[in-house]
file entry-v8.cif (mmCIF, C-alpha atoms)
data_my_file
loop_
_atom_site.label_atom_id
_atom_site.label_comp_id
_atom_site.auth_asym_id
_atom_site.auth_seq_id
_atom_site.Cartn_x
_atom_site.Cartn_y
_atom_site.Cartn_z
CA MET A 10 -31.04 -0.37 -26.06
CA ASP A 11 -30.24 2.13 -23.33
CA TYR A 12 -26.53 2.65 -22.81
CA LYS A 13 -26.90 5.38 -20.21
CA TYR A 14 -25.48 3.21 -17.44
CA ILE A 15 -22.41 2.29 -19.52
CA GLU A 16 -21.93 5.93 -20.53
CA GLN A 17 -22.08 7.03 -16.91
CA LEU A 18 -19.70 4.25 -15.91
CA LEU A 19 -17.30 5.24 -18.66
CA GLU A 20 -17.42 8.88 -17.58
CA ARG A 21 -16.57 7.80 -14.05
CA TYR A 22 -13.81 5.55 -15.41
CA TRP A 23 -12.07 8.52 -17.05
CA GLU A 24 -12.35 10.40 -13.75
CA CYS A 25 -10.86 7.43 -11.84
CA GLN A 26 -14.01 7.05 -9.75
CA THR A 27 -14.89 3.50 -10.72
CA THR A 28 -14.25 0.45 -8.57
CA LEU A 29 -12.44 -2.61 -9.93
CA GLU A 30 -15.80 -4.36 -10.21
CA GLU A 31 -17.26 -1.51 -12.30
CA GLU A 32 -14.19 -1.53 -14.51
CA ALA A 33 -14.73 -5.25 -15.05
CA ILE A 34 -18.32 -4.48 -16.17
CA LEU A 35 -16.96 -2.00 -18.72
CA ARG A 36 -14.44 -4.55 -19.96
CA THR A 37 -17.17 -7.16 -20.38
CA PHE A 38 -19.38 -4.68 -22.22
CA PHE A 39 -16.66 -3.68 -24.68
CA ARG A 40 -15.80 -7.31 -25.43
CA GLN A 41 -19.07 -7.68 -27.33
CA GLU A 42 -19.27 -6.76 -30.98
CA ASP A 43 -22.46 -4.75 -30.73
CA VAL A 44 -21.24 -1.42 -29.38
CA PRO A 45 -23.02 1.88 -30.23
CA ALA A 46 -21.16 4.30 -32.47
CA SER A 47 -20.78 6.88 -29.69
CA LEU A 48 -18.78 4.37 -27.60
CA LEU A 49 -16.89 2.73 -30.45
CA PRO A 50 -13.74 4.91 -30.19
CA TYR A 51 -13.06 3.53 -26.71
CA ARG A 52 -13.68 -0.14 -27.51
CA GLN A 53 -10.20 -0.80 -28.76
CA LEU A 54 -8.64 0.40 -25.51
CA PHE A 55 -10.41 -2.30 -23.50
CA ILE A 56 -9.78 -4.94 -26.15
CA GLU A 57 -6.09 -4.15 -26.21
CA GLU A 58 -5.83 -4.12 -22.45
CA ASP A 59 -7.32 -7.61 -22.47
CA GLU A 60 -4.65 -8.67 -24.95
CA MET A 61 -1.89 -7.11 -22.88
CA ALA A 62 -3.15 -9.03 -19.86
CA ASP A 63 -2.63 -12.19 -21.87
CA GLU A 64 1.12 -11.67 -22.39
CA HIS A 65 3.15 -14.49 -20.80
CA LEU A 66 6.75 -15.44 -20.28
CA PRO A 67 8.05 -17.85 -22.88
CA GLU A 68 7.76 -21.57 -22.24
CA GLY A 69 10.64 -23.06 -20.34
CA PHE A 70 11.28 -19.90 -18.34
CA ALA A 71 10.05 -21.43 -15.08
CA ASP A 72 12.31 -24.50 -15.44
CA ARG A 73 15.31 -22.32 -16.28
CA MET A 74 14.56 -20.15 -13.29
CA LEU A 75 14.34 -23.12 -10.93
CA ARG A 76 17.70 -24.43 -12.17
CA LEU A 77 19.28 -21.01 -11.65
CA VAL A 78 17.89 -20.79 -8.14
CA ASP A 79 19.13 -24.27 -7.30
CA GLU A 80 22.61 -23.25 -8.48
CA LYS A 81 22.51 -20.29 -6.13
CA THR A 82 21.37 -22.34 -3.16
CA SER A 83 24.04 -23.45 -0.75
CA PRO A 84 24.49 -27.16 0.09
CA LEU A 85 23.65 -26.23 3.70
CA GLU A 86 20.13 -25.43 2.55
CA GLY A 87 19.89 -28.75 0.76
CA GLY A 88 21.22 -27.32 -2.52
CA SER A 89 17.67 -26.87 -3.79
CA GLU A 90 14.93 -24.27 -3.50
CA GLU A 91 12.43 -27.00 -2.63
CA GLY A 92 13.78 -27.31 0.87
CA TYR A 93 13.38 -23.64 1.62
CA VAL A 94 9.96 -22.78 3.00
CA CYS A 95 9.45 -19.63 4.99
CA LYS A 96 6.65 -19.66 7.52
CA ALA A 97 5.38 -16.10 7.34
CA ARG A 98 2.53 -14.74 9.36
CA ARG A 99 0.04 -12.66 7.43
CA MET A 100 -0.19 -9.33 9.20
CA THR A 101 -3.61 -7.76 9.39
CA VAL A 102 -4.23 -4.19 10.54
CA ILE A 103 -5.30 -5.55 13.93
CA HIS A 104 -2.01 -7.45 14.23
CA ARG A 105 -0.04 -4.38 13.26
CA LEU A 106 -1.81 -2.23 15.86
CA ARG A 107 -1.41 -4.80 18.64
CA PRO A 108 1.67 -3.10 20.19
CA PHE A 109 -0.33 0.14 20.38
CA TYR A 110 -3.19 -1.62 22.15
CA ARG A 111 -0.73 -3.00 24.65
CA ALA A 112 0.87 0.42 25.18
CA ALA A 113 -2.57 2.02 25.57
CA GLY A 114 -3.57 -0.69 28.09
CA LEU A 115 -0.36 -0.16 30.05
CA ILE A 116 -0.90 3.60 30.13
CA ALA A 117 -4.51 3.10 31.28
CA ILE A 118 -3.33 0.81 34.13
CA MET A 119 -0.63 3.28 35.14
CA LEU A 120 -3.10 6.15 35.12
CA THR A 121 -5.55 4.15 37.25
CA ILE A 122 -2.87 3.23 39.80
CA GLY A 123 -1.53 6.81 39.79
CA ASN A 124 -5.01 8.22 40.26
CA ALA A 125 -5.76 5.79 43.12
CA ALA A 126 -2.46 6.68 44.80
CA TYR A 127 -3.13 10.38 44.40
CA GLN A 128 -6.66 9.94 45.75
CA SER A 129 -5.41 8.10 48.83
CA PHE A 130 -2.78 10.80 49.35
CA ILE A 131 -5.49 13.49 49.21
CA ASP A 132 -7.61 11.50 51.69
CA GLU A 133 -4.69 11.20 54.08
CA ASP A 134 -4.11 14.91 53.77
CA SER A 135 -7.73 15.75 54.63
CA GLU A 136 -7.60 13.39 57.62
CA ALA A 137 -4.43 15.16 58.80
CA THR A 138 -6.17 18.58 58.97
CA PRO A 139 -8.15 18.00 62.25
CA VAL A 140 -4.90 16.82 63.83
CA ALA A 141 -3.32 20.08 62.88
CA GLU A 142 -6.24 21.97 64.39
CA SER A 143 -5.91 20.05 67.63
CA VAL A 144 -2.22 20.87 67.65
CA VAL A 145 -3.14 24.52 67.30
CA ASP A 146 -5.59 24.23 70.14
CA ASP A 147 -3.01 22.47 72.29
CA SER A 148 -0.39 25.05 71.56
CA LEU A 149 -2.85 27.81 72.46
CA GLN A 150 -3.64 26.04 75.66
CA HIS A 151 0.05 25.94 76.44
CA ILE A 152 0.28 29.63 75.76
CA THR A 153 -2.79 30.48 77.84
CA ILE A 154 -1.53 28.61 80.90
CA GLY A 155 0.81 31.51 81.64
CA SER A 156 -1.41 34.32 83.10
CA PRO A 157 -5.02 34.67 84.34
CA GLU A 158 -5.61 37.44 81.81
CA GLN A 159 -4.48 35.17 79.12
CA GLN A 160 -6.71 32.40 80.52
CA SER A 161 -9.72 34.67 80.39
CA ALA A 162 -8.70 35.80 76.95
CA LYS A 163 -8.64 32.13 75.88
CA LEU A 164 -12.31 31.81 76.71
CA ASP A 165 -13.15 34.61 74.30
CA ILE A 166 -11.16 33.18 71.45
CA GLN A 167 -13.11 30.99 69.07
CA PRO A 168 -11.31 28.05 67.32
CA ALA A 169 -11.66 29.72 63.93
CA ASP A 170 -10.09 32.89 65.21
CA THR A 171 -7.25 30.94 66.84
CA LEU A 172 -6.39 29.25 63.62
CA ASP A 173 -6.50 32.57 61.87
CA ALA A 174 -4.26 34.12 64.47
CA PHE A 175 -1.88 31.18 64.32
CA THR A 176 -1.49 31.34 60.59
CA ARG A 177 -0.92 35.09 60.82
CA MET B 19 0.70 -18.74 9.24
CA GLU B 20 1.46 -18.88 5.53
CA ASN B 21 4.14 -20.99 3.88
CA ILE B 22 6.16 -19.06 1.33
CA SER B 23 8.30 -20.97 -1.10
CA PHE B 24 9.98 -19.87 -4.29
CA ARG B 25 8.07 -22.36 -6.41
CA THR B 26 4.57 -21.66 -5.09
CA THR B 27 4.72 -17.98 -4.15
CA VAL B 28 7.50 -16.20 -6.00
CA LEU B 29 7.68 -17.93 -9.39
CA PRO B 30 3.95 -17.43 -10.18
CA LEU B 31 4.57 -13.67 -10.06
CA GLY B 32 6.70 -14.05 -13.19
CA ASP B 33 4.02 -13.22 -15.78
CA LYS B 34 2.85 -10.13 -13.92
CA LEU B 35 6.45 -8.92 -13.61
CA TYR B 36 7.04 -9.70 -17.28
CA ARG B 37 4.11 -7.54 -18.38
CA LEU B 38 5.38 -4.65 -16.29
CA ALA B 39 8.95 -5.02 -17.56
CA LEU B 40 7.66 -5.28 -21.12
CA ARG B 41 5.64 -2.07 -20.84
CA ILE B 42 8.73 -0.27 -19.55
CA THR B 43 11.46 -1.69 -21.78
CA LEU B 44 9.15 -2.44 -24.74
CA ASN B 45 11.50 -5.29 -25.59
CA ARG B 46 10.68 -8.93 -24.93
CA ALA B 47 14.23 -10.23 -24.46
CA GLU B 48 15.10 -7.40 -22.08
CA ALA B 49 11.85 -7.85 -20.18
CA GLU B 50 12.64 -11.55 -19.72
CA ASP B 51 16.11 -10.72 -18.39
CA VAL B 52 14.60 -8.18 -16.02
CA VAL B 53 12.18 -10.79 -14.63
CA GLN B 54 15.01 -13.29 -14.20
CA ASP B 55 17.13 -10.73 -12.30
CA THR B 56 14.14 -9.74 -10.19
CA LEU B 57 13.25 -13.30 -9.20
CA LEU B 58 16.88 -14.07 -8.36
CA LYS B 59 17.02 -10.96 -6.19
CA VAL B 60 13.86 -12.02 -4.36
CA TRP B 61 15.45 -15.44 -3.81
CA GLU B 62 18.63 -13.84 -2.47
CA HIS B 63 16.46 -12.06 0.12
CA ARG B 64 14.84 -15.34 1.25
CA ASN B 65 16.03 -14.91 4.82
CA GLU B 66 14.04 -11.66 5.01
CA TRP B 67 10.76 -12.95 3.53
CA GLU B 68 9.22 -13.12 6.96
CA GLN B 69 10.02 -9.47 7.61
CA ILE B 70 8.93 -8.21 4.18
CA ASN B 71 5.37 -6.93 4.57
CA ASN B 72 4.22 -7.63 1.05
CA LEU B 73 6.46 -9.88 -1.03
CA GLU B 74 4.54 -9.17 -4.24
CA ALA B 75 4.88 -5.41 -3.82
CA PHE B 76 8.59 -5.91 -3.13
CA ALA B 77 9.00 -7.97 -6.30
CA ILE B 78 7.06 -5.49 -8.46
CA ALA B 79 9.05 -2.53 -7.12
CA THR B 80 12.33 -4.41 -7.75
CA CYS B 81 11.23 -5.33 -11.27
CA ARG B 82 10.30 -1.74 -12.10
CA ASN B 83 13.64 -0.43 -10.84
CA ARG B 84 15.55 -3.07 -12.83
CA ALA B 85 13.60 -2.26 -16.00
CA LEU B 86 14.26 1.46 -15.56
CA ASP B 87 17.96 0.67 -15.07
CA VAL B 88 17.96 -1.22 -18.37
CA LEU B 89 16.45 1.80 -20.13
CA LYS B 90 18.92 4.13 -18.47
CA ARG B 91 21.90 1.98 -19.38
CA ALA B 92 20.73 1.80 -22.98
CA GLY B 93 20.11 5.55 -22.90
CA ARG B 94 16.75 5.29 -24.60
CA LYS B 95 13.13 6.07 -23.98
CA THR B 96 11.43 4.94 -27.18
CA ALA B 97 10.07 1.60 -28.33
CA PRO B 98 12.48 -0.72 -30.13
CA LEU B 99 11.18 -2.44 -33.22
CA ASP B 100 10.59 -5.94 -31.91
CA VAL B 101 7.43 -5.14 -29.97
CA VAL B 102 6.00 -3.11 -32.83
CA ASP B 103 6.69 -5.96 -35.25
CA ASN B 104 5.13 -8.41 -32.89
CA ARG B 105 1.98 -6.28 -32.69
CA GLN B 106 1.63 -6.30 -36.44
CA GLN B 107 1.95 -10.08 -36.43
CA THR B 108 -0.71 -10.37 -33.74
CA ALA B 109 -3.03 -8.16 -35.78
CA ASP B 110 -2.42 -10.21 -38.92
CA ASN B 111 -2.94 -13.49 -37.16
CA GLY B 112 -6.17 -12.22 -35.70
CA GLN B 113 -7.43 -11.44 -39.22
CA GLN B 114 -8.49 -8.01 -38.20
CA SER B 115 -9.32 -5.24 -40.62
CA LEU B 116 -6.77 -2.62 -41.61
CA GLU B 117 -8.66 -0.06 -39.58
CA ALA B 118 -8.65 -2.25 -36.48
CA ARG B 119 -4.93 -2.88 -36.95
CA GLU B 120 -4.27 0.86 -37.22
CA GLN B 121 -6.24 1.52 -34.09
CA LEU B 122 -4.54 -1.40 -32.35
CA SER B 123 -1.25 0.30 -32.97
CA LEU B 124 -2.74 3.62 -31.90
CA VAL B 125 -3.82 2.34 -28.46
CA ARG B 126 -0.38 0.87 -27.79
CA ARG B 127 1.32 3.95 -29.17
CA LEU B 128 -0.76 6.13 -26.88
CA MET B 129 0.00 3.97 -23.87
CA ASP B 130 3.67 3.56 -24.68
CA GLY B 131 3.94 7.32 -25.20
CA LEU B 132 2.86 8.04 -21.62
CA PRO B 133 5.45 9.03 -19.01
CA GLU B 134 6.78 5.85 -17.38
CA VAL B 135 5.04 6.30 -14.04
CA GLN B 136 1.65 6.90 -15.70
CA ARG B 137 2.18 3.88 -17.95
CA ALA B 138 3.12 1.67 -15.00
CA ILE B 139 0.08 2.81 -13.01
CA MET B 140 -2.27 2.27 -15.95
CA LEU B 141 -0.84 -1.23 -16.39
CA MET B 142 -1.13 -2.11 -12.72
CA ARG B 143 -4.71 -0.85 -12.51
CA ASP B 144 -6.24 -1.67 -15.89
CA ILE B 145 -4.34 -4.81 -16.82
CA GLU B 146 -3.36 -6.36 -13.48
CA GLY B 147 -6.47 -5.15 -11.62
CA GLN B 148 -4.57 -3.89 -8.59
CA THR B 149 -6.14 -1.61 -5.99
CA TYR B 150 -5.01 1.99 -5.52
CA GLN B 151 -3.57 0.96 -2.17
CA GLU B 152 -1.43 -1.79 -3.71
CA ILE B 153 -0.15 0.52 -6.44
CA ALA B 154 0.66 3.21 -3.88
CA GLN B 155 2.64 0.67 -1.87
CA VAL B 156 4.68 -0.46 -4.88
CA LEU B 157 5.50 3.07 -6.01
CA ASP B 158 5.86 4.44 -2.48
CA ILE B 159 3.48 7.32 -3.15
CA SER B 160 0.05 8.24 -1.78
CA GLU B 161 -3.20 6.84 -3.14
CA THR B 162 -4.20 10.37 -4.13
CA GLN B 163 -1.06 10.70 -6.23
CA VAL B 164 -1.81 7.36 -7.86
CA LYS B 165 -5.26 8.64 -8.86
CA VAL B 166 -3.80 11.91 -10.17
CA TYR B 167 -1.30 10.05 -12.40
CA LEU B 168 -3.93 7.58 -13.57
CA HIS B 169 -6.35 10.39 -14.38
CA ARG B 170 -3.70 12.09 -16.49
CA ALA B 171 -2.90 8.84 -18.27
CA ARG B 172 -6.53 7.97 -19.03
CA THR B 173 -7.29 11.52 -20.18
CA LYS B 174 -4.38 11.45 -22.65
CA VAL B 175 -5.44 8.06 -24.02
CA LYS B 176 -9.07 9.21 -24.28
CA LYS B 177 -8.12 12.37 -26.17
CA GLY B 178 -5.86 10.38 -28.48
CA LEU B 179 -8.68 7.96 -29.29
CA GLU B 180 -11.18 10.78 -29.88
CA ILE B 181 -8.79 12.66 -32.20
CA LYS B 182 -8.28 9.50 -34.26
CA ASP B 183 -11.99 9.04 -34.47
#
call {"tool": "encode", "arguments": {"input": "entry-v8.cif", "output": "structure tokens"}}
result
Amino acid sequence: MDYKYIEQLLERYWECQTTLEEEAILRTFFRQEDVPASLLPYRQLFIEEDEMADEHLPEGFADRMLRLVDEKTSPLEGGSEEGYVCKARRMTVIHRLRPFYRAAGLIAIMLTIGNAAYQSFIDEDSEATPVAESVVDDSLQHITIGSPEQQSAKLDIQPADTLDAFTR
Amino acid sequence: MENISFRTTVLPLGDKLYRLALRITLNRAEAEDVVQDTLLKVWEHRNEWEQINNLEAFAIATCRNRALDVLKRAGRKTAPLDVVDNRQQTADNGQQSLEAREQLSLVRRLMDGLPEVQRAIMLMRDIEGQTYQEIAQVLDISETQVKVYLHRARTKVKKGLEIKD
């Protein structure tokens, strides 16, 4: 019989690389009497672990415990453990992360609103620019009203130059 | 929604707690007292059951601490006689050979000779079939640390068995 698989499994067991299921396979294997000599030294470990798993509290412990608990239960709670049932919710990873999802959602909404507001602000700003140019033109017109030389000079000035001159 | 009651949820943990306490104290009477104290403590915390993430992990951690306190108070680290005697009886009752009985004692001696944390981890993994994650939660250490301790424990037991052989 080929014990290569068991040997490999055992090697991985010593290295703590086996799953619980694989460890159960090893346990089942070592329960049988027919174990090759090379694996015999390890048989007793699994046999003994099985025995240790079979250790139980002495009889009557549960009843004694229930009486003790009843003694420690206040009359307001019915004076007995039987009346006390806690409704606990089992928390999965998804449940635990729920607050983070909510926070992330809130941040996403805030970012969207902020971005939209900023975008509209930018748009308003770009719409305001031609108004500013017209103001520049108007102001230049006011300036040029003064003298004929200035009026003729106005004809030579291009809008781009006027803006340049104004900013200077 | 899960209903937790002392009778259906907490009390059934008794045997598991007993095995842990027994491997630490190596004394049946003391282990029983430890389990009783542990279960009473869990009951005293009944108003917090809903907030406790994992009631079983809480009970196991409490049991381990109580058992270590017992050892500390008694100022001892070695196995008292009662467990050893009991092992011999078990071996006799099982009609095993002298060699098997010797090795039976050897396996327990090897396990009981491990540092407490290694022994507890080996028990939780190999006897109770707990995952690395569950053990890490009970001992409040990382899963990697659990594997390191377990590796040390198994290596020592393996070497001990090979030397005997």
call {"tool": "atom_distance", "arguments": {"input": "entry-v8.cif", "atom1": "atom CA of Gln136 of chain B", "atom2": "atom CA of His65 of chain A"}}
result
22.0 Å
call {"tool": "interface_residues", "arguments": {"input": "entry-v8.cif", "of": "chain B", "to": "chain A", "cutoff": "9 Å", "atoms": "all atoms listed in the file", "output": "count of residues only"}}
result
52
call {"tool": "residues_near_point", "arguments": {"input": "entry-v8.cif", "point": "(3.9, -0.7, -21.5)", "cutoff": "9 Å", "atoms": "all atoms listed in the file", "output": "PyMOL selection string"}}
result
(chain A and resi 61) or (chain B and resi 37-44+126+129-132+134+137-138+140-141)
call {"tool": "atom_distance", "arguments": {"input": "entry-v8.cif", "atom1": "atom CA of Ile78 of chain B", "atom2": "atom CA of Ala47 of chain B"}}
result
18.2 Å
call {"tool": "resolve_selection", "arguments": {"input": "entry-v8.cif", "expression": "the PyMOL selection byres ((chain B and resi 88-93) around 9)", "output": "ChimeraX atom specification"}}
result
/B:42-43,48,52,83-87,94-95
call {"tool": "atom_distance", "arguments": {"input": "entry-v8.cif", "atom1": "atom CA of Leu124 of chain B", "atom2": "atom CA of Glu31 of chain A"}}
result
24.9 Å
call {"tool": "residues_around", "arguments": {"input": "entry-v8.cif", "residues": "Ile15 of chain A", "least_positions_apart": "3", "cutoff": "12 Å", "atoms": "only C-alpha atoms", "output": "list in words"}}
result
Met10, Asp11, Tyr12, Leu18, Leu19, Glu20, Arg21, Tyr22, Thr27, Glu31, Glu32, Ala33, Ile34, Leu35, Arg36, Thr37, Phe38, Phe39, Val44, Pro45, Ser47, Leu48 and Tyr51 of chain A
call {"tool": "write_last_selection", "arguments": {"input": "entry-v8.cif", "atoms": "C-alpha atoms", "output": "compact mmCIF listing (two decimals), keeping the file's coordinate frame"}}
result
# COMPACT_ATOMS: atom_id res chain seq x y z
CA MET A 10 -31.04 -0.37 -26.06
CA ASP A 11 -30.24 2.13 -23.33
CA TYR A 12 -26.53 2.65 -22.81
CA LEU A 18 -19.70 4.25 -15.91
CA LEU A 19 -17.30 5.24 -18.66
CA GLU A 20 -17.42 8.88 -17.58
CA ARG A 21 -16.57 7.80 -14.05
CA TYR A 22 -13.81 5.55 -15.41
CA THR A 27 -14.89 3.50 -10.72
CA GLU A 31 -17.26 -1.51 -12.30
CA GLU A 32 -14.19 -1.53 -14.51
CA ALA A 33 -14.73 -5.25 -15.05
CA ILE A 34 -18.32 -4.48 -16.17
CA LEU A 35 -16.96 -2.00 -18.72
CA ARG A 36 -14.44 -4.55 -19.96
CA THR A 37 -17.17 -7.16 -20.38
CA PHE A 38 -19.38 -4.68 -22.22
CA PHE A 39 -16.66 -3.68 -24.68
CA VAL A 44 -21.24 -1.42 -29.38
CA PRO A 45 -23.02 1.88 -30.23
CA SER A 47 -20.78 6.88 -29.69
CA LEU A 48 -18.78 4.37 -27.60
CA TYR A 51 -13.06 3.53 -26.71
call {"tool": "decode", "arguments": {"input": "entry-v8.cif", "residues": "segment 126-172 of chain B", "atoms": "C-alpha atoms", "output": "PDB file, in the first residue's frame"}}
result
ATOM      1  CA  ARG B 126       1.122  13.281  27.700  1.00  0.00           C
ATOM      2  CA  ARG B 127       4.458  14.002  29.321  1.00  0.00           C
ATOM      3  CA  LEU B 128       5.660  15.642  26.137  1.00  0.00           C
ATOM      4  CA  MET B 129       2.512  17.721  25.822  1.00  0.00           C
ATOM      5  CA  ASP B 130       2.356  18.632  29.492  1.00  0.00           C
ATOM      6  CA  GLY B 131       6.031  19.609  29.369  1.00  0.00           C
ATOM      7  CA  LEU B 132       5.375  22.275  26.730  1.00  0.00           C
ATOM      8  CA  PRO B 133       5.259  25.950  27.721  1.00  0.00           C
ATOM      9  CA  GLU B 134       1.671  26.814  28.682  1.00  0.00           C
ATOM     10  CA  VAL B 135       0.866  28.888  25.602  1.00  0.00           C
ATOM     11  CA  GLN B 136       2.129  26.160  23.242  1.00  0.00           C
ATOM     12  CA  ARG B 137       0.164  23.538  25.168  1.00  0.00           C
ATOM     13  CA  ALA B 138      -3.012  25.631  25.054  1.00  0.00           C
ATOM     14  CA  ILE B 139      -2.636  26.222  21.310  1.00  0.00           C
ATOM     15  CA  MET B 140      -1.980  22.553  20.608  1.00  0.00           C
ATOM     16  CA  LEU B 141      -5.089  21.662  22.612  1.00  0.00           C
ATOM     17  CA  MET B 142      -7.280  24.221  20.885  1.00  0.00           C
ATOM     18  CA  ARG B 143      -6.110  23.154  17.427  1.00  0.00           C
ATOM     19  CA  ASP B 144      -5.571  19.403  17.691  1.00  0.00           C
ATOM     20  CA  ILE B 145      -8.173  18.457  20.270  1.00  0.00           C
ATOM     21  CA  GLU B 146     -10.878  21.105  19.910  1.00  0.00           C
ATOM     22  CA  GLY B 147     -10.391  21.590  16.150  1.00  0.00           C
ATOM     23  CA  GLN B 148     -10.407  25.378  16.307  1.00  0.00           C
ATOM     24  CA  THR B 149      -9.232  27.547  13.421  1.00  0.00           C
ATOM     25  CA  TYR B 150      -6.100  29.685  13.652  1.00  0.00           C
ATOM     26  CA  GLN B 151      -8.341  32.739  13.612  1.00  0.00           C
ATOM     27  CA  GLU B 152     -10.363  31.541  16.616  1.00  0.00           C
ATOM     28  CA  ILE B 153      -7.225  30.696  18.588  1.00  0.00           C
ATOM     29  CA  ALA B 154      -5.711  34.085  17.761  1.00  0.00           C
ATOM     30  CA  GLN B 155      -8.860  35.785  19.026  1.00  0.00           C
ATOM     31  CA  VAL B 156      -8.823  33.888  22.330  1.00  0.00           C
ATOM     32  CA  LEU B 157      -5.145  34.549  22.995  1.00  0.00           C
ATOM     33  CA  ASP B 158      -5.212  38.065  21.552  1.00  0.00           C
ATOM     34  CA  ILE B 159      -2.234  37.403  19.289  1.00  0.00           C
ATOM     35  CA  SER B 160      -1.821  37.242  15.505  1.00  0.00           C
ATOM     36  CA  GLU B 161      -2.540  34.130  13.444  1.00  0.00           C
ATOM     37  CA  THR B 162       1.131  34.072  12.441  1.00  0.00           C
ATOM     38  CA  GLN B 163       2.146  33.929  16.088  1.00  0.00           C
ATOM     39  CA  VAL B 164      -0.316  31.102  16.668  1.00  0.00           C
ATOM     40  CA  LYS B 165       1.327  29.123  13.849  1.00  0.00           C
ATOM     41  CA  VAL B 166       4.809  29.851  15.207  1.00  0.00           C
ATOM     42  CA  TYR B 167       3.875  28.557  18.691  1.00  0.00           C
ATOM     43  CA  LEU B 168       2.083  25.536  17.257  1.00  0.00           C
ATOM     44  CA  HIS B 169       5.042  24.709  15.036  1.00  0.00           C
ATOM     45  CA  ARG B 170       7.346  24.799  18.044  1.00  0.00           C
ATOM     46  CA  ALA B 171       4.993  22.604  20.043  1.00  0.00           C
ATOM     47  CA  ARG B 172       4.549  19.998  17.305  1.00  0.00           C
TER      48      ARG B 172
END
